Amino acid sequence: GTEFRASLKKSLQESFGKDGTYGVFVRSDTNVEELPWFTGAGLNLTVANVVGYDNILKAIHDVWASPFDERSYGWRQSHMQDPEYVFPAVVIQLAFASAKSGVMVTKDIEDDEPGWVTVAISEGVGGAVEGQATESLRIDTKTGQTQFLAQATAAERTELNPAGGVKHVPASG
């Protein structure tokens, strides 16, 4: 609606600056992702480095709808008793260039030992998404001991394109 669009435009400007001078990641989040057994990281849509208010509005629309596409619904259908009870949200995060990025899971997904976290890291932005060959580590939260699980083998890294979107360039090796 008109009121939401005006409020969004104002909030974007207050938070990030003049329209067109920044990019954002527009991400999906749902209540399903908070369930203890959730393993569907990357299941719903993320639109990377969206530049410009009109493009952000389109990305919000696409991201909001993504939990209801066939892939997401099919995943929930096979993992949930009541897969229709999904409540989506949209998260808007400022895009910024980074040499490395990743995901930390506050659980040991390798051996399920208490007191360990699992970290997946890759070069560039948007690291450790589904299908990416990332470096993986287990870290003991009490001692800092680190166990190497897997080496990153992705041939490319993702960089922000100043005009919007991303580009893929060779990884450092």
# chains A, B, ... in the order shown; residues from 1 in each chain; ligands from 1
>>> residues_around(residues="Ser122 in chain A", least_positions_apart="5", cutoff="8 Å", atoms="only C-alpha atoms", output="PDB file with C-alpha atoms, in the first residue's frame")
ATOM      1  CA  LYS A 100      35.383 -13.436   3.352  1.00  0.00           C
ATOM      2  CA  SER A 101      31.937 -14.248   4.673  1.00  0.00           C
ATOM      3  CA  GLY A 102      30.092 -17.204   6.035  1.00  0.00           C
ATOM      4  CA  GLY A 127      29.425 -16.901   1.707  1.00  0.00           C
ATOM      5  CA  ALA A 128      28.491 -20.414   2.650  1.00  0.00           C
ATOM      6  CA  ALA A 133      32.349 -25.466  -1.591  1.00  0.00           C
ATOM      7  CA  THR A 134      33.323 -23.694   1.642  1.00  0.00           C
ATOM      8  CA  GLU A 135      35.950 -24.027   4.317  1.00  0.00           C
ATOM      9  CA  ALA A 152      37.175 -24.297   0.394  1.00  0.00           C
ATOM     10  CA  ARG A 157      34.153 -15.752  -5.323  1.00  0.00           C
TER      11      ARG A 157
END
>>> closest_residue(among="A:Ile60, A:Val169, A:Ala154, A:Val125", to="Ile92 in chain A", atoms="only C-alpha atoms")
A:Ile60
>>> select_by_dssp(residues="chain A", states="alpha helix (DSSP H)", output="PyMOL selection string")
chain A and resi 2-16+53-65+70-79
>>> closest_residue(among="A:Gln132, A:Gln93, A:Ser98, A:Thr153", to="Ile56 in chain A", atoms="only C-alpha atoms")
A:Gln93
>>> atom_distance(atom1="CA of Met80 in chain A", atom2="CA of Pro36 in chain A")
12.1 Å
>>> closest_residue(among="A:Leu35, A:Val105, A:Ala163, A:Val90", to="Ser136 in chain A", atoms="only C-alpha atoms")
A:Val105
>>> atom_distance(atom1="CA of Ala59 in chain A", atom2="CA of His79 in chain A")
27.2 Å
>>> atom_distance(atom1="CA of Tyr53 in chain A", atom2="CA of Ser7 in chain A")
12.0 Å
>>> residues_around(residues="Ala99 in chain A", least_positions_apart="2", cutoff="7 Å", atoms="only C-alpha atoms", output="VMD selection string")
chain A and resid 97 123 to 124
>>> decode(residues="range 43-80 of chain A", atoms="N, CA, C and O atoms", output="PDB file, in the first residue's frame")
ATOM      1  N   LEU A  43      16.905 -22.201   1.493  1.00  0.00           N
ATOM      2  CA  LEU A  43      15.668 -22.714   0.917  1.00  0.00           C
ATOM      3  C   LEU A  43      14.855 -21.612   0.234  1.00  0.00           C
ATOM      4  O   LEU A  43      14.318 -21.798  -0.842  1.00  0.00           O
ATOM      5  N   ASN A  44      14.774 -20.450   0.882  1.00  0.00           N
ATOM      6  CA  ASN A  44      13.998 -19.346   0.334  1.00  0.00           C
ATOM      7  C   ASN A  44      14.927 -18.328  -0.326  1.00  0.00           C
ATOM      8  O   ASN A  44      16.141 -18.379  -0.175  1.00  0.00           O
ATOM      9  N   LEU A  45      14.357 -17.384  -1.006  1.00  0.00           N
ATOM     10  CA  LEU A  45      15.100 -16.457  -1.851  1.00  0.00           C
ATOM     11  C   LEU A  45      15.843 -15.377  -1.072  1.00  0.00           C
ATOM     12  O   LEU A  45      15.321 -14.817  -0.113  1.00  0.00           O
ATOM     13  N   THR A  46      17.055 -15.102  -1.519  1.00  0.00           N
ATOM     14  CA  THR A  46      17.811 -13.907  -1.143  1.00  0.00           C
ATOM     15  C   THR A  46      18.170 -13.199  -2.439  1.00  0.00           C
ATOM     16  O   THR A  46      18.654 -13.838  -3.373  1.00  0.00           O
ATOM     17  N   VAL A  47      17.911 -11.902  -2.512  1.00  0.00           N
ATOM     18  CA  VAL A  47      18.307 -11.128  -3.679  1.00  0.00           C
ATOM     19  C   VAL A  47      19.479 -10.256  -3.244  1.00  0.00           C
ATOM     20  O   VAL A  47      19.366  -9.455  -2.319  1.00  0.00           O
ATOM     21  N   ALA A  48      20.614 -10.439  -3.911  1.00  0.00           N
ATOM     22  CA  ALA A  48      21.864  -9.817  -3.491  1.00  0.00           C
ATOM     23  C   ALA A  48      22.068  -8.439  -4.111  1.00  0.00           C
ATOM     24  O   ALA A  48      21.823  -8.243  -5.302  1.00  0.00           O
ATOM     25  N   ASN A  49      22.543  -7.518  -3.280  1.00  0.00           N
ATOM     26  CA  ASN A  49      22.992  -6.202  -3.718  1.00  0.00           C
ATOM     27  C   ASN A  49      21.978  -5.496  -4.616  1.00  0.00           C
ATOM     28  O   ASN A  49      22.263  -5.158  -5.760  1.00  0.00           O
ATOM     29  N   VAL A  50      20.814  -5.261  -4.081  1.00  0.00           N
ATOM     30  CA  VAL A  50      19.749  -4.582  -4.820  1.00  0.00           C
ATOM     31  C   VAL A  50      19.972  -3.077  -4.674  1.00  0.00           C
ATOM     32  O   VAL A  50      20.063  -2.560  -3.564  1.00  0.00           O
ATOM     33  N   VAL A  51      20.058  -2.375  -5.801  1.00  0.00           N
ATOM     34  CA  VAL A  51      20.298  -0.930  -5.808  1.00  0.00           C
ATOM     35  C   VAL A  51      19.070  -0.229  -6.379  1.00  0.00           C
ATOM     36  O   VAL A  51      18.575  -0.597  -7.447  1.00  0.00           O
ATOM     37  N   GLY A  52      18.572   0.779  -5.672  1.00  0.00           N
ATOM     38  CA  GLY A  52      17.444   1.575  -6.151  1.00  0.00           C
ATOM     39  C   GLY A  52      16.127   1.153  -5.528  1.00  0.00           C
ATOM     40  O   GLY A  52      15.819  -0.041  -5.412  1.00  0.00           O
ATOM     41  N   TYR A  53      15.358   2.152  -5.123  1.00  0.00           N
ATOM     42  CA  TYR A  53      14.101   1.933  -4.412  1.00  0.00           C
ATOM     43  C   TYR A  53      13.138   1.019  -5.173  1.00  0.00           C
ATOM     44  O   TYR A  53      12.581   0.082  -4.598  1.00  0.00           O
ATOM     45  N   ASP A  54      12.919   1.277  -6.468  1.00  0.00           N
ATOM     46  CA  ASP A  54      11.982   0.446  -7.237  1.00  0.00           C
ATOM     47  C   ASP A  54      12.446  -1.005  -7.294  1.00  0.00           C
ATOM     48  O   ASP A  54      11.635  -1.931  -7.216  1.00  0.00           O
ATOM     49  N   ASN A  55      13.750  -1.221  -7.423  1.00  0.00           N
ATOM     50  CA  ASN A  55      14.297  -2.578  -7.443  1.00  0.00           C
ATOM     51  C   ASN A  55      14.141  -3.248  -6.080  1.00  0.00           C
ATOM     52  O   ASN A  55      13.894  -4.452  -5.988  1.00  0.00           O
ATOM     53  N   ILE A  56      14.291  -2.472  -5.007  1.00  0.00           N
ATOM     54  CA  ILE A  56      14.108  -3.010  -3.656  1.00  0.00           C
ATOM     55  C   ILE A  56      12.652  -3.444  -3.467  1.00  0.00           C
ATOM     56  O   ILE A  56      12.384  -4.521  -2.925  1.00  0.00           O
ATOM     57  N   LEU A  57      11.698  -2.636  -3.933  1.00  0.00           N
ATOM     58  CA  LEU A  57      10.281  -3.017  -3.834  1.00  0.00           C
ATOM     59  C   LEU A  57      10.016  -4.334  -4.563  1.00  0.00           C
ATOM     60  O   LEU A  57       9.326  -5.213  -4.045  1.00  0.00           O
ATOM     61  N   LYS A  58      10.567  -4.491  -5.763  1.00  0.00           N
ATOM     62  CA  LYS A  58      10.386  -5.733  -6.519  1.00  0.00           C
ATOM     63  C   LYS A  58      11.017  -6.906  -5.766  1.00  0.00           C
ATOM     64  O   LYS A  58      10.433  -7.984  -5.671  1.00  0.00           O
ATOM     65  N   ALA A  59      12.207  -6.692  -5.218  1.00  0.00           N
ATOM     66  CA  ALA A  59      12.882  -7.763  -4.478  1.00  0.00           C
ATOM     67  C   ALA A  59      12.071  -8.171  -3.246  1.00  0.00           C
ATOM     68  O   ALA A  59      11.968  -9.364  -2.929  1.00  0.00           O
ATOM     69  N   ILE A  60      11.481  -7.195  -2.542  1.00  0.00           N
ATOM     70  CA  ILE A  60      10.640  -7.503  -1.381  1.00  0.00           C
ATOM     71  C   ILE A  60       9.479  -8.397  -1.810  1.00  0.00           C
ATOM     72  O   ILE A  60       9.179  -9.402  -1.161  1.00  0.00           O
ATOM     73  N   HIS A  61       8.848  -8.055  -2.908  1.00  0.00           N
ATOM     74  CA  HIS A  61       7.736  -8.852  -3.433  1.00  0.00           C
ATOM     75  C   HIS A  61       8.192 -10.284  -3.721  1.00  0.00           C
ATOM     76  O   HIS A  61       7.547 -11.254  -3.306  1.00  0.00           O
ATOM     77  N   ASP A  62       9.303 -10.440  -4.421  1.00  0.00           N
ATOM     78  CA  ASP A  62       9.795 -11.769  -4.799  1.00  0.00           C
ATOM     79  C   ASP A  62      10.215 -12.581  -3.577  1.00  0.00           C
ATOM     80  O   ASP A  62       9.925 -13.777  -3.481  1.00  0.00           O
ATOM     81  N   VAL A  63      10.903 -11.926  -2.637  1.00  0.00           N
ATOM     82  CA  VAL A  63      11.377 -12.616  -1.441  1.00  0.00           C
ATOM     83  C   VAL A  63      10.199 -13.022  -0.557  1.00  0.00           C
ATOM     84  O   VAL A  63      10.161 -14.131  -0.020  1.00  0.00           O
ATOM     85  N   TRP A  64       9.223 -12.126  -0.401  1.00  0.00           N
ATOM     86  CA  TRP A  64       8.040 -12.427   0.418  1.00  0.00           C
ATOM     87  C   TRP A  64       7.317 -13.667  -0.125  1.00  0.00           C
ATOM     88  O   TRP A  64       6.839 -14.507   0.639  1.00  0.00           O
ATOM     89  N   ALA A  65       7.262 -13.797  -1.438  1.00  0.00           N
ATOM     90  CA  ALA A  65       6.544 -14.913  -2.057  1.00  0.00           C
ATOM     91  C   ALA A  65       7.345 -16.212  -2.056  1.00  0.00           C
ATOM     92  O   ALA A  65       6.764 -17.294  -2.179  1.00  0.00           O
ATOM     93  N   SER A  66       8.655 -16.146  -1.895  1.00  0.00           N
ATOM     94  CA  SER A  66       9.490 -17.340  -2.082  1.00  0.00           C
ATOM     95  C   SER A  66       9.182 -18.509  -1.143  1.00  0.00           C
ATOM     96  O   SER A  66       9.334 -19.660  -1.559  1.00  0.00           O
ATOM     97  N   PRO A  67       8.731 -18.297   0.101  1.00  0.00           N
ATOM     98  CA  PRO A  67       8.397 -19.473   0.921  1.00  0.00           C
ATOM     99  C   PRO A  67       7.207 -20.273   0.383  1.00  0.00           C
ATOM    100  O   PRO A  67       6.929 -21.365   0.849  1.00  0.00           O
ATOM    101  N   PHE A  68       6.510 -19.714  -0.610  1.00  0.00           N
ATOM    102  CA  PHE A  68       5.333 -20.380  -1.156  1.00  0.00           C
ATOM    103  C   PHE A  68       5.579 -20.965  -2.542  1.00  0.00           C
ATOM    104  O   PHE A  68       4.649 -21.435  -3.178  1.00  0.00           O
ATOM    105  N   ASP A  69       6.847 -20.943  -3.000  1.00  0.00           N
ATOM    106  CA  ASP A  69       7.105 -21.577  -4.291  1.00  0.00           C
ATOM    107  C   ASP A  69       7.140 -23.093  -4.105  1.00  0.00           C
ATOM    108  O   ASP A  69       7.166 -23.609  -2.984  1.00  0.00           O
ATOM    109  N   GLU A  70       7.139 -23.836  -5.201  1.00  0.00           N
ATOM    110  CA  GLU A  70       7.026 -25.295  -5.109  1.00  0.00           C
ATOM    111  C   GLU A  70       8.185 -25.924  -4.358  1.00  0.00           C
ATOM    112  O   GLU A  70       7.990 -26.866  -3.591  1.00  0.00           O
ATOM    113  N   ARG A  71       9.393 -25.418  -4.558  1.00  0.00           N
ATOM    114  CA  ARG A  71      10.564 -25.997  -3.894  1.00  0.00           C
ATOM    115  C   ARG A  71      10.452 -25.867  -2.375  1.00  0.00           C
ATOM    116  O   ARG A  71      10.638 -26.835  -1.647  1.00  0.00           O
ATOM    117  N   SER A  72      10.146 -24.666  -1.903  1.00  0.00           N
ATOM    118  CA  SER A  72      10.039 -24.438  -0.462  1.00  0.00           C
ATOM    119  C   SER A  72       8.866 -25.200   0.139  1.00  0.00           C
ATOM    120  O   SER A  72       8.993 -25.818   1.194  1.00  0.00           O
ATOM    121  N   TYR A  73       7.721 -25.135  -0.529  1.00  0.00           N
ATOM    122  CA  TYR A  73       6.557 -25.845  -0.003  1.00  0.00           C
ATOM    123  C   TYR A  73       6.811 -27.345   0.007  1.00  0.00           C
ATOM    124  O   TYR A  73       6.482 -28.034   0.970  1.00  0.00           O
ATOM    125  N   GLY A  74       7.431 -27.861  -1.057  1.00  0.00           N
ATOM    126  CA  GLY A  74       7.750 -29.291  -1.121  1.00  0.00           C
ATOM    127  C   GLY A  74       8.675 -29.720   0.008  1.00  0.00           C
ATOM    128  O   GLY A  74       8.497 -30.790   0.601  1.00  0.00           O
ATOM    129  N   TRP A  75       9.670 -28.884   0.328  1.00  0.00           N
ATOM    130  CA  TRP A  75      10.586 -29.203   1.429  1.00  0.00           C
ATOM    131  C   TRP A  75       9.800 -29.289   2.736  1.00  0.00           C
ATOM    132  O   TRP A  75       9.954 -30.232   3.492  1.00  0.00           O
ATOM    133  N   ARG A  76       8.955 -28.274   2.992  1.00  0.00           N
ATOM    134  CA  ARG A  76       8.170 -28.271   4.232  1.00  0.00           C
ATOM    135  C   ARG A  76       7.212 -29.462   4.268  1.00  0.00           C
ATOM    136  O   ARG A  76       6.993 -30.058   5.319  1.00  0.00           O
ATOM    137  N   GLN A  77       6.642 -29.795   3.113  1.00  0.00           N
ATOM    138  CA  GLN A  77       5.697 -30.913   3.031  1.00  0.00           C
ATOM    139  C   GLN A  77       6.358 -32.206   3.515  1.00  0.00           C
ATOM    140  O   GLN A  77       5.725 -33.019   4.178  1.00  0.00           O
ATOM    141  N   SER A  78       7.629 -32.376   3.204  1.00  0.00           N
ATOM    142  CA  SER A  78       8.309 -33.616   3.585  1.00  0.00           C
ATOM    143  C   SER A  78       8.936 -33.560   4.979  1.00  0.00           C
ATOM    144  O   SER A  78       9.399 -34.572   5.481  1.00  0.00           O
ATOM    145  N   HIS A  79       8.934 -32.376   5.619  1.00  0.00           N
ATOM    146  CA  HIS A  79       9.590 -32.237   6.921  1.00  0.00           C
ATOM    147  C   HIS A  79       8.671 -31.754   8.050  1.00  0.00           C
ATOM    148  O   HIS A  79       9.090 -31.715   9.194  1.00  0.00           O
ATOM    149  N   MET A  80       7.449 -31.370   7.720  1.00  0.00           N
ATOM    150  CA  MET A  80       6.569 -30.789   8.735  1.00  0.00           C
ATOM    151  C   MET A  80       5.200 -31.464   8.718  1.00  0.00           C
ATOM    152  O   MET A  80       4.722 -31.864   7.662  1.00  0.00           O
TER     153      MET A  80
END
